[in-house]
Amino acid sequence: MKPKIWLSSPHMGGTEEQFVKAAFDSNWIAPLGPNVNGFEQDLELFLDNDCHVTVMSSGTAALHLGLILLGVKSGDEVICQSMTFSATAFPISYICAKPIFVDSESDTWNISPSFLEEAIKDRIAKGKKPKAIIPVHLYGMPAKMDEILAIARHYKIPVLEDAAESLGSSIHGRNCGTFGDISVLSFNGNKIITTSGGGALVSHNPDIVKDARFLSTQARDEAPHYQHSQIGYNYRMSNLCAGVGRGQMEVLAKRIAQRRSIYDKYYNKLKDKKGIYFLNEPDGFFSNRWLTTILINPDEAGFTREDIRLSLEKENIESRPLWKPLHLQPIFNCYPFYGDGTSEKLFQNGLCLPSSTNLNESDFNRIFEVIDSVFK
Ligand SMILES: *Cc1c(COP(=O)(O)O)cnc(C)c1O
């Protein structure tokens, strides 16, 4: 069997071990320390000098605290992009709130502003104003934040921005991860940079970030003994993981350029093939191209996305269908959904192609050989 080609594998830059070694040498083997502070500063510098960052054990943890800090409570309704990874919506259920799913639009594959507004109006008419809106920037492509924020402001509903897949993406120069009242990043092993596992909560409001840090470290009141007046969580990032993150920050710009050139490679190879479609960046939108994705029109191409996926799998090459919309998931299909079937169609015809930055020319030759064979 030829070696496995992964969809998106970790890619160390080289200095990560030095930061981890510094943690060992100074005995900061704890969920606090110089790497944690340093990684937070690196992220603040990268995103926007005006935002504040606290790093956590995962993006999911950051989404959970984000909802709590926006005041979402048991029984409240939260609007969530349907087409996304389940971790966007799981935290809504952690706090016994109710997800309201909204479809995608076809320019970015992210939450449709018009269905978003329709959903808000209908929920208000039914007697409950949603307590938060969660847009996602799938595969690095920014959602239509201008429209989404205008609607959110009009109805006075806070935005929890899931930027887990879009570190380094931007709209007219403004970075994803800085649009929400609260924004969330992920450093899971498959993301554009990784800490093995980790996440961050970002906000322009320093009090929110201070509160997030407080809740993520067991909500300890100031006292010599252990004193608690709120429920706490153990969600802080380890100083060892943050060391990996500091090293990864040194190569983030390079990784973004590499992911984008992987997209170009696929695009140039496949753009003229019948029935294959790529997702272009709308004017002013910049995608980190975390994963290169294609749509296959089976009527035009003469085969389906499963034909490509299974052929790649036979050669030990990982590819994956696009995210299955959450309103179609067994655990979530009982909740309201607003849309016209766009995300379902994307799921049926869409495929994520291997996009690891540590793939070499011979890896790409293997991938293209399989894809060419499907066309024959
Ligand atoms: C990865 C991811 C998350 C969860 O992040 P973790 O760090 O793995 O908990 C949330 N939302 C989206 C869209 C993701 O891709």
# chains A, B, ... in the order shown; residues from 1 in each chain; ligands from 1
>>> residues_near_ligand(ligand="ligand 1", cutoff="10 Å", atoms="only C-alpha atoms and all ligand atoms", output="JSON, numbers by chain")
{"A": [56, 57, 58, 59, 60, 61, 62, 63, 64, 81, 83, 84, 85, 86, 87, 88, 89, 90, 91, 135, 136, 137, 138, 139, 140, 161, 162, 163, 164, 165, 166, 184, 185, 186, 187, 188, 189, 190, 191, 194, 195, 196, 197, 198, 199, 200, 323]}
>>> write_last_selection(atoms="C-alpha atoms", output="PDB file, in the first residue's frame")
ATOM      1  CA  MET A  56      -8.360  27.547  25.281  1.00  0.00           C
ATOM      2  CA  SER A  57      -8.288  23.781  25.079  1.00  0.00           C
ATOM      3  CA  SER A  58     -10.414  23.731  21.892  1.00  0.00           C
ATOM      4  CA  GLY A  59     -12.498  25.790  19.518  1.00  0.00           C
ATOM      5  CA  THR A  60     -15.552  23.946  20.820  1.00  0.00           C
ATOM      6  CA  ALA A  61     -14.758  25.137  24.369  1.00  0.00           C
ATOM      7  CA  ALA A  62     -14.413  28.713  23.080  1.00  0.00           C
ATOM      8  CA  LEU A  63     -17.808  28.481  21.324  1.00  0.00           C
ATOM      9  CA  HIS A  64     -19.364  27.155  24.552  1.00  0.00           C
ATOM     10  CA  GLN A  81     -25.402  28.190   9.857  1.00  0.00           C
ATOM     11  CA  MET A  83     -23.737  23.764   6.657  1.00  0.00           C
ATOM     12  CA  THR A  84     -20.816  23.395   9.064  1.00  0.00           C
ATOM     13  CA  PHE A  85     -18.995  20.983  11.329  1.00  0.00           C
ATOM     14  CA  SER A  86     -21.181  19.743  14.193  1.00  0.00           C
ATOM     15  CA  ALA A  87     -18.945  21.474  16.762  1.00  0.00           C
ATOM     16  CA  THR A  88     -20.445  24.824  15.692  1.00  0.00           C
ATOM     17  CA  ALA A  89     -23.819  23.729  17.079  1.00  0.00           C
ATOM     18  CA  PHE A  90     -23.006  21.224  19.841  1.00  0.00           C
ATOM     19  CA  PRO A  91     -22.362  24.006  22.402  1.00  0.00           C
ATOM     20  CA  PRO A 135     -22.035  32.432  10.954  1.00  0.00           C
ATOM     21  CA  VAL A 136     -19.129  30.233   9.818  1.00  0.00           C
ATOM     22  CA  HIS A 137     -16.407  30.842   7.201  1.00  0.00           C
ATOM     23  CA  LEU A 138     -16.301  27.369   5.634  1.00  0.00           C
ATOM     24  CA  TYR A 139     -13.015  26.062   4.246  1.00  0.00           C
ATOM     25  CA  GLY A 140     -11.572  29.562   4.713  1.00  0.00           C
ATOM     26  CA  GLU A 161     -18.334  34.258  14.643  1.00  0.00           C
ATOM     27  CA  ASP A 162     -17.020  30.731  14.036  1.00  0.00           C
ATOM     28  CA  ALA A 163     -13.658  31.444  12.387  1.00  0.00           C
ATOM     29  CA  ALA A 164     -12.279  27.964  13.162  1.00  0.00           C
ATOM     30  CA  GLU A 165     -11.395  27.315   9.511  1.00  0.00           C
ATOM     31  CA  SER A 166     -10.477  30.829   8.452  1.00  0.00           C
ATOM     32  CA  VAL A 184     -13.662  31.756  17.830  1.00  0.00           C
ATOM     33  CA  LEU A 185     -10.543  30.142  16.354  1.00  0.00           C
ATOM     34  CA  SER A 186      -9.462  26.483  16.330  1.00  0.00           C
ATOM     35  CA  PHE A 187      -5.994  24.944  16.362  1.00  0.00           C
ATOM     36  CA  ASN A 188      -7.073  21.339  15.983  1.00  0.00           C
ATOM     37  CA  GLY A 189      -4.615  19.012  14.210  1.00  0.00           C
ATOM     38  CA  ASN A 190      -6.276  19.436  10.818  1.00  0.00           C
ATOM     39  CA  LYS A 191      -6.513  23.250  10.793  1.00  0.00           C
ATOM     40  CA  THR A 194      -2.284  23.588  15.021  1.00  0.00           C
ATOM     41  CA  THR A 195      -1.399  23.272  18.695  1.00  0.00           C
ATOM     42  CA  SER A 196      -2.348  19.552  18.455  1.00  0.00           C
ATOM     43  CA  GLY A 197      -5.654  20.640  19.967  1.00  0.00           C
ATOM     44  CA  GLY A 198      -6.692  24.109  20.994  1.00  0.00           C
ATOM     45  CA  GLY A 199      -8.804  27.144  20.338  1.00  0.00           C
ATOM     46  CA  ALA A 200      -9.180  30.823  21.093  1.00  0.00           C
ATOM     47  CA  TRP A 323     -19.965  19.148   5.600  1.00  0.00           C
TER      48      TRP A 323
END
>>> residues_around(residues="region 143-146 of chain A", least_positions_apart="6", cutoff="10 Å", atoms="only C-alpha atoms", output="JSON, numbers by chain")
{"A": [104, 105, 107, 108, 109, 110, 111, 112, 113, 135, 136, 137, 152, 161, 163, 170, 171, 176, 179, 180, 282, 285]}
>>> closest_atom_pairs(of="region 255-300 of chain A", to="region 331-353 of chain A", cutoff="10 Å", atoms="only C-alpha atoms", output="tab-separated table")
residue	atom	partner	partner_atom	distance
A:Ile262	CA	A:Leu353	CA	9.9
A:Tyr263	CA	A:Leu353	CA	9.4
A:Tyr266	CA	A:Leu353	CA	8.8
A:Ile276	CA	A:Gly350	CA	9.7
A:Tyr277	CA	A:Gly350	CA	9.2
A:Phe278	CA	A:Gly350	CA	9.8
A:Leu291	CA	A:Cys352	CA	6.3
A:Thr292	CA	A:Leu353	CA	5.6
A:Thr293	CA	A:Cys352	CA	4.4
A:Ile294	CA	A:Leu351	CA	5.4
A:Leu295	CA	A:Gly350	CA	4.4
A:Ile296	CA	A:Asn349	CA	5.3
A:Asn297	CA	A:Asn349	CA	6.6
A:Pro298	CA	A:Asn349	CA	7.8
>>> residues_around(residues="Phe24 (chain A)", least_positions_apart="5", cutoff="10 Å", atoms="only C-alpha atoms", output="PyMOL selection string")
chain A and resi 18-19+29+239-240
>>> closest_atom_pairs(of="region 206-272 of chain A", to="region 356-359 of chain A", cutoff="7 Å", atoms="only C-alpha atoms", output="CSV")
residue,atom,partner,partner_atom,distance
A:Arg255,CA,A:Thr357,CA,6.8
A:Gln258,CA,A:Thr357,CA,6.1
A:Arg259,CA,A:Thr357,CA,6.2
>>> write_last_selection(atoms="N, CA, C and O atoms", output="PDB file, in the first residue's frame")
ATOM      1  N   ARG A 255       2.035  29.359   5.392  1.00  0.00           N
ATOM      2  CA  ARG A 255       1.015  28.308   5.223  1.00  0.00           C
ATOM      3  C   ARG A 255      -0.167  28.826   4.394  1.00  0.00           C
ATOM      4  O   ARG A 255      -0.727  28.088   3.581  1.00  0.00           O
ATOM      5  N   GLN A 258       0.868  28.834   0.876  1.00  0.00           N
ATOM      6  CA  GLN A 258       0.962  27.462   0.366  1.00  0.00           C
ATOM      7  C   GLN A 258      -0.415  26.866   0.088  1.00  0.00           C
ATOM      8  O   GLN A 258      -0.629  26.209  -0.927  1.00  0.00           O
ATOM      9  N   ARG A 259      -1.374  27.098   1.027  1.00  0.00           N
ATOM     10  CA  ARG A 259      -2.735  26.561   0.809  1.00  0.00           C
ATOM     11  C   ARG A 259      -3.336  27.186  -0.443  1.00  0.00           C
ATOM     12  O   ARG A 259      -4.031  26.527  -1.205  1.00  0.00           O
TER      13      ARG A 259
END
>>> select_by_dssp(residues="region 53-290 of chain A", states="strand (DSSP E or B)", output="ChimeraX atom specification")
/A:53-56,77-81,98-102,104,111,132-134,136,159-162,170-171,174-175,182-186,199-203,217,234,236,276-278,285-286
>>> select_by_dssp(residues="region 237-303 of chain A", states="helix (DSSP H, G or I)", output="PyMOL selection string")
chain A and resi 239-249+252-270+298-301
>>> residues_around(residues="Phe46 (chain A)", least_positions_apart="2", cutoff="10 Å", atoms="only C-alpha atoms", output="PDB file with all heavy atoms, in the first residue's frame")
ATOM      1  N   GLU A  40      -1.021  34.280  22.858  1.00  0.00           N
ATOM      2  CA  GLU A  40      -2.138  35.240  22.812  1.00  0.00           C
ATOM      3  C   GLU A  40      -1.690  36.559  22.180  1.00  0.00           C
ATOM      4  O   GLU A  40      -2.393  37.132  21.337  1.00  0.00           O
ATOM      5  CB  GLU A  40      -2.695  35.469  24.222  1.00  0.00           C
ATOM      6  CG  GLU A  40      -3.482  34.260  24.717  1.00  0.00           C
ATOM      7  CD  GLU A  40      -3.993  34.371  26.144  1.00  0.00           C
ATOM      8  OE1 GLU A  40      -3.562  35.290  26.883  1.00  0.00           O
ATOM      9  OE2 GLU A  40      -4.837  33.526  26.522  1.00  0.00           O
ATOM     10  N   GLN A  41      -0.483  37.016  22.555  1.00  0.00           N
ATOM     11  CA  GLN A  41       0.018  38.274  21.976  1.00  0.00           C
ATOM     12  C   GLN A  41       0.262  38.134  20.472  1.00  0.00           C
ATOM     13  O   GLN A  41      -0.065  39.031  19.697  1.00  0.00           O
ATOM     14  CB  GLN A  41       1.315  38.692  22.673  1.00  0.00           C
ATOM     15  CG  GLN A  41       1.058  39.366  24.014  1.00  0.00           C
ATOM     16  CD  GLN A  41       2.297  39.394  24.902  1.00  0.00           C
ATOM     17  OE1 GLN A  41       3.414  39.163  24.441  1.00  0.00           O
ATOM     18  NE2 GLN A  41       2.088  39.667  26.185  1.00  0.00           N
ATOM     19  N   ASP A  42       0.818  36.976  20.081  1.00  0.00           N
ATOM     20  CA  ASP A  42       1.057  36.731  18.646  1.00  0.00           C
ATOM     21  C   ASP A  42      -0.258  36.816  17.868  1.00  0.00           C
ATOM     22  O   ASP A  42      -0.317  37.389  16.774  1.00  0.00           O
ATOM     23  CB  ASP A  42       1.651  35.335  18.419  1.00  0.00           C
ATOM     24  CG  ASP A  42       3.076  35.205  18.962  1.00  0.00           C
ATOM     25  OD1 ASP A  42       3.689  36.242  19.270  1.00  0.00           O
ATOM     26  OD2 ASP A  42       3.546  34.059  19.082  1.00  0.00           O
ATOM     27  N   LEU A  43      -1.303  36.217  18.418  1.00  0.00           N
ATOM     28  CA  LEU A  43      -2.603  36.194  17.726  1.00  0.00           C
ATOM     29  C   LEU A  43      -3.202  37.602  17.657  1.00  0.00           C
ATOM     30  O   LEU A  43      -3.745  38.000  16.627  1.00  0.00           O
ATOM     31  CB  LEU A  43      -3.570  35.236  18.436  1.00  0.00           C
ATOM     32  CG  LEU A  43      -3.274  33.744  18.214  1.00  0.00           C
ATOM     33  CD1 LEU A  43      -4.015  32.881  19.233  1.00  0.00           C
ATOM     34  CD2 LEU A  43      -3.650  33.316  16.794  1.00  0.00           C
ATOM     35  N   GLU A  44      -3.084  38.338  18.753  1.00  0.00           N
ATOM     36  CA  GLU A  44      -3.610  39.714  18.764  1.00  0.00           C
ATOM     37  C   GLU A  44      -2.905  40.557  17.696  1.00  0.00           C
ATOM     38  O   GLU A  44      -3.532  41.307  16.959  1.00  0.00           O
ATOM     39  CB  GLU A  44      -3.439  40.344  20.153  1.00  0.00           C
ATOM     40  CG  GLU A  44      -4.428  39.779  21.164  1.00  0.00           C
ATOM     41  CD  GLU A  44      -4.125  40.181  22.601  1.00  0.00           C
ATOM     42  OE1 GLU A  44      -3.145  40.923  22.840  1.00  0.00           O
ATOM     43  OE2 GLU A  44      -4.878  39.721  23.492  1.00  0.00           O
ATOM     44  N   ASP A  48      -5.406  41.904  14.663  1.00  0.00           N
ATOM     45  CA  ASP A  48      -5.800  43.311  14.698  1.00  0.00           C
ATOM     46  C   ASP A  48      -5.391  43.814  16.084  1.00  0.00           C
ATOM     47  O   ASP A  48      -5.765  43.229  17.089  1.00  0.00           O
ATOM     48  CB  ASP A  48      -7.334  43.353  14.515  1.00  0.00           C
ATOM     49  CG  ASP A  48      -7.954  44.678  14.905  1.00  0.00           C
ATOM     50  OD1 ASP A  48      -7.217  45.592  15.307  1.00  0.00           O
ATOM     51  OD2 ASP A  48      -9.175  44.781  14.802  1.00  0.00           O
ATOM     52  N   ASN A  49      -4.624  44.896  16.134  1.00  0.00           N
ATOM     53  CA  ASN A  49      -4.127  45.388  17.423  1.00  0.00           C
ATOM     54  C   ASN A  49      -5.226  45.700  18.419  1.00  0.00           C
ATOM     55  O   ASN A  49      -4.985  45.774  19.614  1.00  0.00           O
ATOM     56  CB  ASN A  49      -3.290  46.649  17.201  1.00  0.00           C
ATOM     57  CG  ASN A  49      -1.911  46.285  16.721  1.00  0.00           C
ATOM     58  OD1 ASN A  49      -1.367  45.260  17.137  1.00  0.00           O
ATOM     59  ND2 ASN A  49      -1.364  47.082  15.830  1.00  0.00           N
ATOM     60  N   CYS A  51      -7.904  43.935  19.096  1.00  0.00           N
ATOM     61  CA  CYS A  51      -8.711  42.859  19.662  1.00  0.00           C
ATOM     62  C   CYS A  51      -7.943  42.116  20.735  1.00  0.00           C
ATOM     63  O   CYS A  51      -6.726  42.229  20.854  1.00  0.00           O
ATOM     64  CB  CYS A  51      -9.236  41.930  18.573  1.00  0.00           C
ATOM     65  SG  CYS A  51      -7.965  40.967  17.818  1.00  0.00           S
ATOM     66  N   LEU A 167      -8.507  31.273   9.838  1.00  0.00           N
ATOM     67  CA  LEU A 167      -7.427  32.140  10.305  1.00  0.00           C
ATOM     68  C   LEU A 167      -6.605  32.578   9.093  1.00  0.00           C
ATOM     69  O   LEU A 167      -6.106  31.734   8.341  1.00  0.00           O
ATOM     70  CB  LEU A 167      -6.546  31.402  11.322  1.00  0.00           C
ATOM     71  CG  LEU A 167      -5.408  32.206  11.941  1.00  0.00           C
ATOM     72  CD1 LEU A 167      -5.926  33.431  12.688  1.00  0.00           C
ATOM     73  CD2 LEU A 167      -4.571  31.338  12.861  1.00  0.00           C
ATOM     74  N   GLY A 168      -6.493  33.893   8.893  1.00  0.00           N
ATOM     75  CA  GLY A 168      -5.760  34.414   7.739  1.00  0.00           C
ATOM     76  C   GLY A 168      -6.649  34.824   6.582  1.00  0.00           C
ATOM     77  O   GLY A 168      -6.179  35.429   5.628  1.00  0.00           O
ATOM     78  N   ASN A 175      -9.633  41.009   9.027  1.00  0.00           N
ATOM     79  CA  ASN A 175      -9.445  39.582   9.260  1.00  0.00           C
ATOM     80  C   ASN A 175     -10.683  38.887   9.796  1.00  0.00           C
ATOM     81  O   ASN A 175     -11.377  39.414  10.674  1.00  0.00           O
ATOM     82  CB  ASN A 175      -8.306  39.361  10.264  1.00  0.00           C
ATOM     83  CG  ASN A 175      -6.956  39.323   9.600  1.00  0.00           C
ATOM     84  OD1 ASN A 175      -6.764  38.609   8.621  1.00  0.00           O
ATOM     85  ND2 ASN A 175      -6.029  40.110  10.112  1.00  0.00           N
ATOM     86  N   MET A 249       2.869  30.142  14.605  1.00  0.00           N
ATOM     87  CA  MET A 249       2.592  31.528  14.201  1.00  0.00           C
ATOM     88  C   MET A 249       3.703  32.076  13.299  1.00  0.00           C
ATOM     89  O   MET A 249       3.460  32.928  12.454  1.00  0.00           O
ATOM     90  CB  MET A 249       2.418  32.438  15.426  1.00  0.00           C
ATOM     91  CG  MET A 249       1.102  32.281  16.146  1.00  0.00           C
ATOM     92  SD  MET A 249      -0.359  32.473  15.104  1.00  0.00           S
ATOM     93  CE  MET A 249      -0.382  34.246  14.856  1.00  0.00           C
ATOM     94  N   LEU A 252       2.643  30.971   9.806  1.00  0.00           N
ATOM     95  CA  LEU A 252       1.246  31.118   9.372  1.00  0.00           C
ATOM     96  C   LEU A 252       1.138  31.773   7.989  1.00  0.00           C
ATOM     97  O   LEU A 252       0.424  31.265   7.113  1.00  0.00           O
ATOM     98  CB  LEU A 252       0.433  31.907  10.422  1.00  0.00           C
ATOM     99  CG  LEU A 252      -1.000  32.251  10.035  1.00  0.00           C
ATOM    100  CD1 LEU A 252      -1.807  31.001   9.682  1.00  0.00           C
ATOM    101  CD2 LEU A 252      -1.691  33.027  11.168  1.00  0.00           C
ATOM    102  N   ALA A 253       1.855  32.882   7.787  1.00  0.00           N
ATOM    103  CA  ALA A 253       1.759  33.583   6.498  1.00  0.00           C
ATOM    104  C   ALA A 253       2.185  32.653   5.365  1.00  0.00           C
ATOM    105  O   ALA A 253       1.568  32.630   4.290  1.00  0.00           O
ATOM    106  CB  ALA A 253       2.621  34.843   6.516  1.00  0.00           C
TER     107      ALA A 253
END
>>> closest_residue(among="A:Leu328, A:Val53, A:Met141, A:Ile193", to="Asn280 (chain A)", atoms="only C-alpha atoms")
A:Met141
>>> atom_distance(atom1="CA of Ala132 (chain A)", atom2="CA of Tyr155 (chain A)")
10.6 Å
>>> atom_distance(atom1="CA of Arg305 (chain A)", atom2="CA of Pro321 (chain A)")
7.7 Å
>>> residues_around(residues="Ala30 (chain A)", least_positions_apart="6", cutoff="10 Å", atoms="only C-alpha atoms", output="PyMOL selection string")
chain A and resi 23+36+236-241
>>> write_last_selection(atoms="N, CA, C and O atoms", output="mmCIF file, in the first residue's frame")
data_model
loop_
_atom_site.group_PDB
_atom_site.id
_atom_site.type_symbol
_atom_site.label_atom_id
_atom_site.label_comp_id
_atom_site.auth_asym_id
_atom_site.auth_seq_id
_atom_site.Cartn_x
_atom_site.Cartn_y
_atom_site.Cartn_z
ATOM 1 N N ALA A 23 9.382 25.517 27.905
ATOM 2 C CA ALA A 23 8.376 25.220 28.932
ATOM 3 C C ALA A 23 8.907 24.163 29.903
ATOM 4 O O ALA A 23 8.767 24.297 31.120
ATOM 5 N N VAL A 36 1.641 30.591 26.845
ATOM 6 C CA VAL A 36 0.215 30.949 26.749
ATOM 7 C C VAL A 36 0.099 32.453 26.505
ATOM 8 O O VAL A 36 -0.580 32.901 25.569
ATOM 9 N N ARG A 236 -8.701 26.175 29.848
ATOM 10 C CA ARG A 236 -7.519 26.953 29.476
ATOM 11 C C ARG A 236 -6.556 26.101 28.650
ATOM 12 O O ARG A 236 -6.500 24.883 28.804
ATOM 13 N N MET A 237 -5.782 26.756 27.785
ATOM 14 C CA MET A 237 -4.794 26.033 26.979
ATOM 15 C C MET A 237 -3.550 25.712 27.798
ATOM 16 O O MET A 237 -3.102 26.534 28.604
ATOM 17 N N SER A 238 -2.988 24.523 27.566
ATOM 18 C CA SER A 238 -1.740 24.134 28.219
ATOM 19 C C SER A 238 -0.570 24.968 27.684
ATOM 20 O O SER A 238 -0.510 25.286 26.493
ATOM 21 N N ASN A 239 0.392 25.258 28.552
ATOM 22 C CA ASN A 239 1.585 26.007 28.148
ATOM 23 C C ASN A 239 2.440 25.214 27.143
ATOM 24 O O ASN A 239 3.186 25.807 26.372
ATOM 25 N N LEU A 240 2.314 23.875 27.152
ATOM 26 C CA LEU A 240 3.029 23.053 26.162
ATOM 27 C C LEU A 240 2.413 23.235 24.782
ATOM 28 O O LEU A 240 3.104 23.468 23.792
ATOM 29 N N CYS A 241 1.077 23.141 24.725
ATOM 30 C CA CYS A 241 0.380 23.325 23.440
ATOM 31 C C CYS A 241 0.623 24.734 22.901
ATOM 32 O O CYS A 241 0.832 24.928 21.698
#
>>> atom_distance(atom1="CA of Asp264 (chain A)", atom2="CA of Phe364 (chain A)")
12.6 Å
>>> residues_around(residues="region 69-80 of chain A", least_positions_apart="6", cutoff="8 Å", atoms="only C-alpha atoms", output="list in words")
Thr88, Ala89, Ile92, Ile95, Cys96, Ala97, Lys98, Pro99, Ile100, Phe101, Val102, Leu116, Lys128, Lys129, Pro130, Lys131, Ala132, Ile133, Ile134, Pro135, Pro158, Ile208, Asp211 and Ala212 of chain A
>>> write_last_selection(atoms="C-alpha atoms", output="mmCIF file, in the first residue's frame")
data_model
loop_
_atom_site.group_PDB
_atom_site.id
_atom_site.type_symbol
_atom_site.label_atom_id
_atom_site.label_comp_id
_atom_site.auth_asym_id
_atom_site.auth_seq_id
_atom_site.Cartn_x
_atom_site.Cartn_y
_atom_site.Cartn_z
ATOM 1 C CA THR A 88 -20.445 24.824 15.692
ATOM 2 C CA ALA A 89 -23.819 23.729 17.079
ATOM 3 C CA ILE A 92 -25.896 25.338 21.786
ATOM 4 C CA ILE A 95 -26.541 24.950 27.484
ATOM 5 C CA CYS A 96 -29.943 23.469 26.576
ATOM 6 C CA ALA A 97 -30.672 26.252 24.090
ATOM 7 C CA LYS A 98 -32.373 25.492 20.770
ATOM 8 C CA PRO A 99 -30.583 25.719 17.406
ATOM 9 C CA ILE A 100 -32.427 27.326 14.489
ATOM 10 C CA PHE A 101 -30.677 26.306 11.280
ATOM 11 C CA VAL A 102 -30.274 28.556 8.259
ATOM 12 C CA LEU A 116 -31.129 34.696 8.037
ATOM 13 C CA LYS A 128 -39.072 34.440 20.630
ATOM 14 C CA LYS A 129 -36.265 36.662 19.435
ATOM 15 C CA PRO A 130 -33.048 34.654 18.801
ATOM 16 C CA LYS A 131 -30.285 35.372 21.325
ATOM 17 C CA ALA A 132 -27.309 34.952 18.994
ATOM 18 C CA ILE A 133 -26.305 34.339 15.372
ATOM 19 C CA ILE A 134 -23.465 31.963 14.469
ATOM 20 C CA PRO A 135 -22.035 32.432 10.954
ATOM 21 C CA PRO A 158 -25.120 39.554 18.916
ATOM 22 C CA ILE A 208 -15.540 39.759 27.610
ATOM 23 C CA ASP A 211 -14.553 36.996 31.775
ATOM 24 C CA ALA A 212 -13.776 34.169 29.336
#
>>> closest_residue(among="A:Ser216, A:Gln248, A:Ser93, A:Thr304", to="Val55 (chain A)", atoms="only C-alpha atoms")
A:Ser216
>>> closest_residue(among="A:His225, A:Leu215, A:Gly247, A:Ser203", to="Glu17 (chain A)", atoms="only C-alpha atoms")
A:Gly247
>>> closest_residue(among="A:Lys265, A:His228, A:His154, A:His172", to="Asn365 (chain A)", atoms="only C-alpha atoms")
A:Lys265
>>> closest_residue(among="A:Val159, A:Leu326, A:Leu312, A:Ala223", to="Asp372 (chain A)", atoms="only C-alpha atoms")
A:Leu312
